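Containing CSV, C-alpha atoms: structure07.csv.
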```csv
chain,number,residue,atom,x,y,z
A,1,MET,CA,122.3,97.4,100.0
A,2,GLY,CA,123.6,93.9,99.5
A,3,ILE,CA,120.6,92.6,97.7
A,4,ASP,CA,120.9,90.8,94.4
A,5,PRO,CA,118.0,92.7,92.7
A,6,GLU,CA,117.2,89.9,90.4
A,7,THR,CA,116.8,87.3,93.1
A,8,ASN,CA,116.4,89.1,96.5
A,9,LYS,CA,118.8,86.4,97.7
A,10,ASP,CA,119.2,88.0,101.1
A,11,ARG,CA,115.5,87.4,101.7
A,12,ILE,CA,115.3,84.0,100.1
A,13,GLY,CA,117.8,82.0,102.1
A,14,ARG,CA,115.7,79.0,101.5
A,15,GLU,CA,116.4,79.0,97.7
A,16,GLY,CA,116.8,75.2,97.6
A,17,ALA,CA,113.7,74.4,99.5
A,18,PRO,CA,110.6,73.5,97.5
A,19,PRO,CA,107.7,76.0,97.7
A,20,VAL,CA,105.2,75.1,100.4
A,21,LEU,CA,101.6,76.0,100.2
A,22,THR,CA,100.9,77.8,103.4
A,23,SER,CA,97.7,79.5,104.4
A,24,GLU,CA,99.1,82.7,102.8
A,25,ASN,CA,99.2,80.8,99.5
A,26,ARG,CA,95.7,79.4,99.5
A,27,SER,CA,93.5,81.6,97.4
A,28,SER,CA,89.8,82.2,97.9
A,29,GLY,CA,87.6,83.9,95.4
A,30,ARG,CA,87.4,82.8,91.8
A,31,PRO,CA,89.9,80.1,91.0
A,32,ILE,CA,92.0,80.1,87.8
A,33,ARG,CA,90.2,77.9,85.3
A,34,ASN,CA,93.2,76.8,83.3
A,35,PRO,CA,94.6,74.0,85.5
A,36,VAL,CA,98.2,74.3,84.1
A,37,VAL,CA,98.3,78.0,84.8
A,38,ARG,CA,96.7,77.5,88.2
A,39,VAL,CA,99.5,75.2,89.3
A,40,LEU,CA,102.2,77.4,87.9
A,41,VAL,CA,100.8,80.5,89.7
A,42,GLU,CA,100.4,78.5,93.0
A,43,ARG,CA,104.0,77.4,92.8
A,44,TRP,CA,105.3,80.9,91.9
A,45,GLU,CA,103.3,82.6,94.6
A,46,ALA,CA,104.6,80.2,97.1
A,47,ASN,CA,108.2,81.2,96.3
A,48,PRO,CA,109.7,83.0,99.2
A,49,ARG,CA,110.8,85.9,96.9
A,50,ASN,CA,107.1,86.7,96.5
A,51,ALA,CA,106.3,86.8,100.2
A,52,THR,CA,104.8,89.8,101.8
A,53,GLY,CA,107.5,92.3,102.8
A,54,THR,CA,109.8,91.5,100.0
A,55,ASP,CA,111.7,94.5,98.5
A,56,LYS,CA,110.6,94.9,94.9
A,57,THR,CA,112.3,98.2,94.2
A,58,TRP,CA,114.4,96.6,91.4
A,59,VAL,CA,111.2,95.8,89.4
A,60,GLU,CA,110.4,99.5,89.0
A,61,ASN,CA,114.0,100.4,88.4
A,62,ARG,CA,114.4,97.8,85.6
A,63,PHE,CA,111.1,98.9,84.1
A,64,PHE,CA,112.1,102.5,83.8
A,65,GLU,CA,115.6,101.7,82.7
A,66,SER,CA,114.1,99.6,79.9
A,67,ARG,CA,111.6,102.3,78.9
A,68,ASP,CA,114.2,105.0,78.9
A,69,HIS,CA,116.5,102.9,76.8
A,70,PHE,CA,114.0,102.3,74.1
A,71,ALA,CA,112.8,106.0,74.3
A,72,LYS,CA,116.3,107.0,73.2
A,73,ALA,CA,116.3,104.8,70.2
A,74,ILE,CA,116.8,106.6,66.9
A,75,ARG,CA,116.2,105.1,63.5
A,76,ILE,CA,119.4,105.4,61.4
A,77,ARG,CA,118.2,103.6,58.2
B,1,MET,CA,115.1,106.6,92.1
B,2,THR,CA,111.6,107.4,93.4
B,3,ASP,CA,108.8,107.2,91.0
B,4,ASP,CA,105.7,109.5,91.1
B,5,PHE,CA,103.7,106.4,91.6
B,6,ASP,CA,105.6,105.6,94.8
B,7,VAL,CA,104.9,109.2,96.0
B,8,LEU,CA,101.2,108.6,95.3
B,9,ALA,CA,101.2,105.2,97.1
B,10,ALA,CA,102.9,106.7,100.1
B,11,ALA,CA,100.3,109.5,100.3
B,12,LEU,CA,97.4,107.0,100.0
B,13,ASN,CA,98.9,104.9,102.8
B,14,ARG,CA,99.3,108.0,105.0
B,15,GLN,CA,95.7,108.9,104.6
B,16,GLN,CA,94.7,105.2,105.1
B,17,VAL,CA,93.0,105.0,101.7
B,18,ARG,CA,92.3,101.4,100.9
B,19,PHE,CA,93.5,100.2,97.5
B,20,VAL,CA,95.4,97.3,95.9
B,21,VAL,CA,97.5,97.3,92.7
B,22,MET,CA,96.1,94.9,90.1
B,23,GLY,CA,96.4,94.2,86.4
B,24,VAL,CA,99.6,93.8,84.5
B,25,TRP,CA,101.5,96.2,86.8
B,26,GLY,CA,100.5,94.2,89.8
B,27,ALA,CA,101.7,91.0,88.1
B,28,ASN,CA,105.0,92.8,87.4
B,29,TYR,CA,105.8,92.8,91.1
B,30,TYR,CA,105.9,89.1,91.0
B,31,ALA,CA,108.6,89.2,88.2
B,32,SER,CA,111.9,87.4,88.8
B,33,THR,CA,114.0,88.9,86.0
B,34,THR,CA,113.8,91.8,83.6
B,35,ALA,CA,112.5,89.3,81.0
B,36,THR,CA,109.4,88.7,83.0
B,37,ILE,CA,108.4,92.3,83.4
B,38,PHE,CA,105.6,93.2,81.1
B,39,THR,CA,105.2,96.6,79.4
B,40,THR,CA,102.1,98.6,80.3
B,41,GLN,CA,101.1,102.2,80.0
B,42,ASP,CA,99.1,102.4,83.1
B,43,ARG,CA,98.8,101.2,86.6
B,44,ASP,CA,95.5,99.9,87.9
B,45,LEU,CA,94.4,100.6,91.5
B,46,PHE,CA,91.4,98.6,92.7
B,47,LEU,CA,89.3,100.5,95.3
B,48,PRO,CA,86.3,99.5,97.3
B,49,LEU,CA,82.8,100.8,96.5
B,50,ASP,CA,83.2,103.4,99.2
B,51,PRO,CA,82.6,107.1,98.2
B,52,GLU,CA,84.6,108.5,101.1
B,53,ASN,CA,87.6,106.3,100.3
B,54,LEU,CA,87.3,107.3,96.6
B,55,LEU,CA,87.0,111.0,97.4
B,56,ALA,CA,90.1,110.8,99.6
B,57,ALA,CA,92.0,109.2,96.8
B,58,TRP,CA,90.9,111.9,94.4
B,59,LYS,CA,91.9,114.7,96.8
B,60,ILE,CA,95.4,113.1,97.2
B,61,CYS,CA,95.8,112.9,93.5
B,62,ARG,CA,94.8,116.6,93.1
B,63,ASP,CA,97.1,117.7,95.9
B,64,LEU,CA,100.0,115.9,94.1
B,65,GLY,CA,99.2,117.9,90.9
B,66,LEU,CA,97.7,115.0,89.0
B,67,ASP,CA,94.9,115.6,86.6
B,68,LEU,CA,91.7,113.5,87.0
B,69,TRP,CA,89.7,112.3,84.1
B,70,CYS,CA,86.5,110.4,83.7
B,71,GLY,CA,86.2,109.1,80.2
B,72,ASP,CA,87.3,111.9,77.9
B,73,GLU,CA,86.4,114.7,80.3
B,74,PRO,CA,88.0,116.2,83.3
B,75,LEU,CA,86.4,115.0,86.5
B,76,GLY,CA,83.9,117.7,87.4
B,77,GLU,CA,84.0,120.2,90.3
B,78,PRO,CA,83.1,120.3,93.0
B,79,MET,CA,84.9,117.2,93.9
B,80,ASP,CA,82.6,116.1,96.7
B,81,ARG,CA,80.8,113.2,98.2
B,82,PHE,CA,77.9,113.6,95.8
B,83,LEU,CA,80.2,113.2,92.8
B,84,ALA,CA,81.9,110.2,94.4
B,85,GLU,CA,78.6,108.5,95.0
B,86,ARG,CA,77.6,108.9,91.4
B,87,ILE,CA,80.9,107.5,90.3
B,88,VAL,CA,80.5,104.5,92.7
B,89,GLU,CA,76.9,104.0,91.5
B,90,HIS,CA,78.1,103.7,87.9
B,91,ARG,CA,81.3,101.8,88.7
B,92,ALA,CA,83.0,104.4,86.6
B,93,LEU,CA,86.8,104.5,86.1
B,94,VAL,CA,88.7,107.7,86.9
B,95,ARG,CA,92.2,108.2,85.5
B,96,ALA,CA,94.9,110.2,87.2
B,97,THR,CA,97.6,111.5,84.9
B,98,GLY,CA,100.9,113.3,85.8
B,99,PRO,CA,103.4,115.4,84.0
B,100,GLN,CA,106.0,112.6,83.9
B,101,GLY,CA,103.7,110.3,82.0
B,102,LEU,CA,102.3,108.7,85.1
B,103,GLN,CA,98.9,107.2,84.4
B,104,VAL,CA,97.0,105.6,87.2
B,105,ASP,CA,93.5,104.1,86.8
B,106,LEU,CA,91.3,104.2,89.9
B,107,THR,CA,88.9,101.4,89.2
B,108,LEU,CA,86.1,100.0,91.2
B,109,VAL,CA,85.8,96.8,89.3
B,110,MET,CA,88.1,93.7,89.1
B,111,ALA,CA,86.5,91.1,86.9
B,112,GLY,CA,85.4,88.1,89.0
B,113,PHE,CA,86.3,89.6,92.4
B,114,ASP,CA,85.0,91.8,95.2
B,115,PHE,CA,87.3,94.2,96.8
B,116,GLU,CA,87.3,92.7,100.3
B,117,THR,CA,88.5,89.3,99.1
B,118,VAL,CA,91.3,90.8,97.1
B,119,PHE,CA,92.3,93.2,99.9
B,120,ARG,CA,92.2,90.6,102.6
B,121,GLU,CA,94.6,88.3,100.7
B,122,ARG,CA,96.9,91.1,99.3
B,123,ARG,CA,100.6,90.9,99.4
B,124,THR,CA,102.5,94.0,100.6
B,125,PHE,CA,105.8,94.7,98.8
B,126,LEU,CA,108.3,97.4,99.4
B,127,VAL,CA,109.4,99.8,96.7
B,128,SER,CA,111.8,102.5,97.6
B,129,GLY,CA,110.7,102.0,101.2
B,130,VAL,CA,107.0,102.5,100.4
B,131,GLU,CA,104.6,99.7,101.1
B,132,ILE,CA,102.7,98.8,98.0
B,133,PRO,CA,99.6,96.6,98.5
B,134,VAL,CA,99.4,94.2,95.6
B,135,ALA,CA,96.6,91.7,94.6
B,136,ARG,CA,97.5,88.1,94.8
B,137,LEU,CA,98.9,86.8,91.5
B,138,ALA,CA,96.2,84.1,91.5
B,139,HIS,CA,93.6,86.9,91.7
B,140,ILE,CA,95.2,89.0,88.9
B,141,VAL,CA,95.5,86.0,86.6
B,142,SER,CA,92.0,84.8,87.4
B,143,SER,CA,90.6,88.2,86.8
B,144,LYS,CA,92.3,88.4,83.4
B,145,GLU,CA,90.7,85.1,82.5
B,146,ALA,CA,87.3,86.4,83.6
B,147,ALA,CA,87.7,89.6,81.6
B,148,GLY,CA,88.6,87.6,78.5
B,149,ARG,CA,89.5,90.6,76.3
B,150,PRO,CA,92.0,89.9,73.5
B,151,LYS,CA,94.7,91.8,75.4
B,152,ASP,CA,94.0,89.7,78.5
B,153,LEU,CA,94.2,86.4,76.6
B,154,LEU,CA,97.5,87.6,75.0
B,155,PHE,CA,98.9,88.4,78.5
B,156,LEU,CA,97.8,85.0,79.8
B,157,ALA,CA,99.5,83.1,77.0
B,158,SER,CA,102.7,85.1,77.5
B,159,TYR,CA,102.5,84.8,81.3
B,160,GLN,CA,102.1,81.1,81.2
B,161,GLU,CA,105.2,80.8,79.0
B,162,ALA,CA,107.1,83.1,81.4
B,163,LEU,CA,106.1,81.1,84.4
B,164,GLU,CA,107.0,77.8,82.8
B,165,GLN,CA,110.5,79.2,82.1
B,166,LEU,CA,110.9,80.6,85.5
B,167,LEU,CA,109.8,77.5,87.3
B,168,GLY,CA,111.8,75.3,85.0
B,169,ARG,CA,114.9,77.0,86.2
B,170,GLU,CA,114.1,76.7,89.9
```

For the structure just supplied, provide its representation as structure tokens.
Amino acid sequence: MGIDPETNKDRIGREGAPPVLTSENRSSGRPIRNPVVRVLVERWEANPRNATGTDKTWVENRFFESRDHFAKAIRIR
Amino acid sequence: MTDDFDVLAAALNRQQVRFVVMGVWGANYYASTTATIFTTQDRDLFLPLDPENLLAAWKICRDLGLDLWCGDEPLGEPMDRFLAERIVEHRALVRATGPQGLQVDLTLVMAGFDFETVFRERRTFLVSGVEIPVARLAHIVSSKEAAGRPKDLLFLASYQEALEQLLGRE
């Protein structure tokens, strides 16, 4: 369907733009205590590929492909 | 490829059951590459402390042919509001299992969070055309911190490394 499943490029469009903390990206509730992880998560959540409405079908497809692959493994020695 | 979980999620949406995906499977929806997808046996659905909502979720699972378990025992019959109230009262976890290995935990607890906060700020992703409500990554990670079990700490360490690599490439 014209989507690079690894990147959702058709939805990104703004790949080169730095993530912006919008109201959608501001979290309420218990904050992450580890400051390094907190910043990493904020940056990653702000990435357009993680916006609401993004097609994530590829995640499940890859997960099951990987699981099926290892399920077929046979010990040969 | 339509997974049994997507069928369940679609049915829950149709019946307006409120839920969000949390835990490791929820974090997987934020993956960028196969390398950042974490293996997990189950999928955790966070539901509100609402017996009617919980009962509706159970009935959908049953109609889809899933078995429901509470601890080591099948969820008792009759599956009614009285039973749902007892489960809510005890914040007990009910597990739905399917013939294809599907394992879904219907949980009423997310460490450090109340349902309304998580639901209000959820992201909705599409999987095979089905809308999947997913907890914010910040909430999933914070909840893992709050839970603090060895497997949570292991996940956090691995996830920090994965994020550093992902963002280092951006």

Can you check which residues of chain B have any atom within 6 Å of chain A? Use only C-alpha atoms and format it as an MDAnalysis selection string.
-> chainID B and resid 33 123:128 142

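Between B:Ala9 and the candidates B:Val130, B:Met22, B:Arg149, B:Leu156, the tightest atom-to-atom separation, counting only C-alpha atoms, involves B:Val130.
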
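Nearest residue to B:Arg18, choosing from B:Lys144, B:His139, B:Arg86, B:Arg120 and counting all atoms listed in the file: B:Arg120.
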
Of the residues B:Gly129, B:Gly98, B:Pro78, B:Gly148, which is the one nearest to B:Leu55, using only C-alpha atoms?
-> B:Pro78

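The coordinates place atom CA of B:Phe5 at 7.0 Å from atom CA of B:Leu102.
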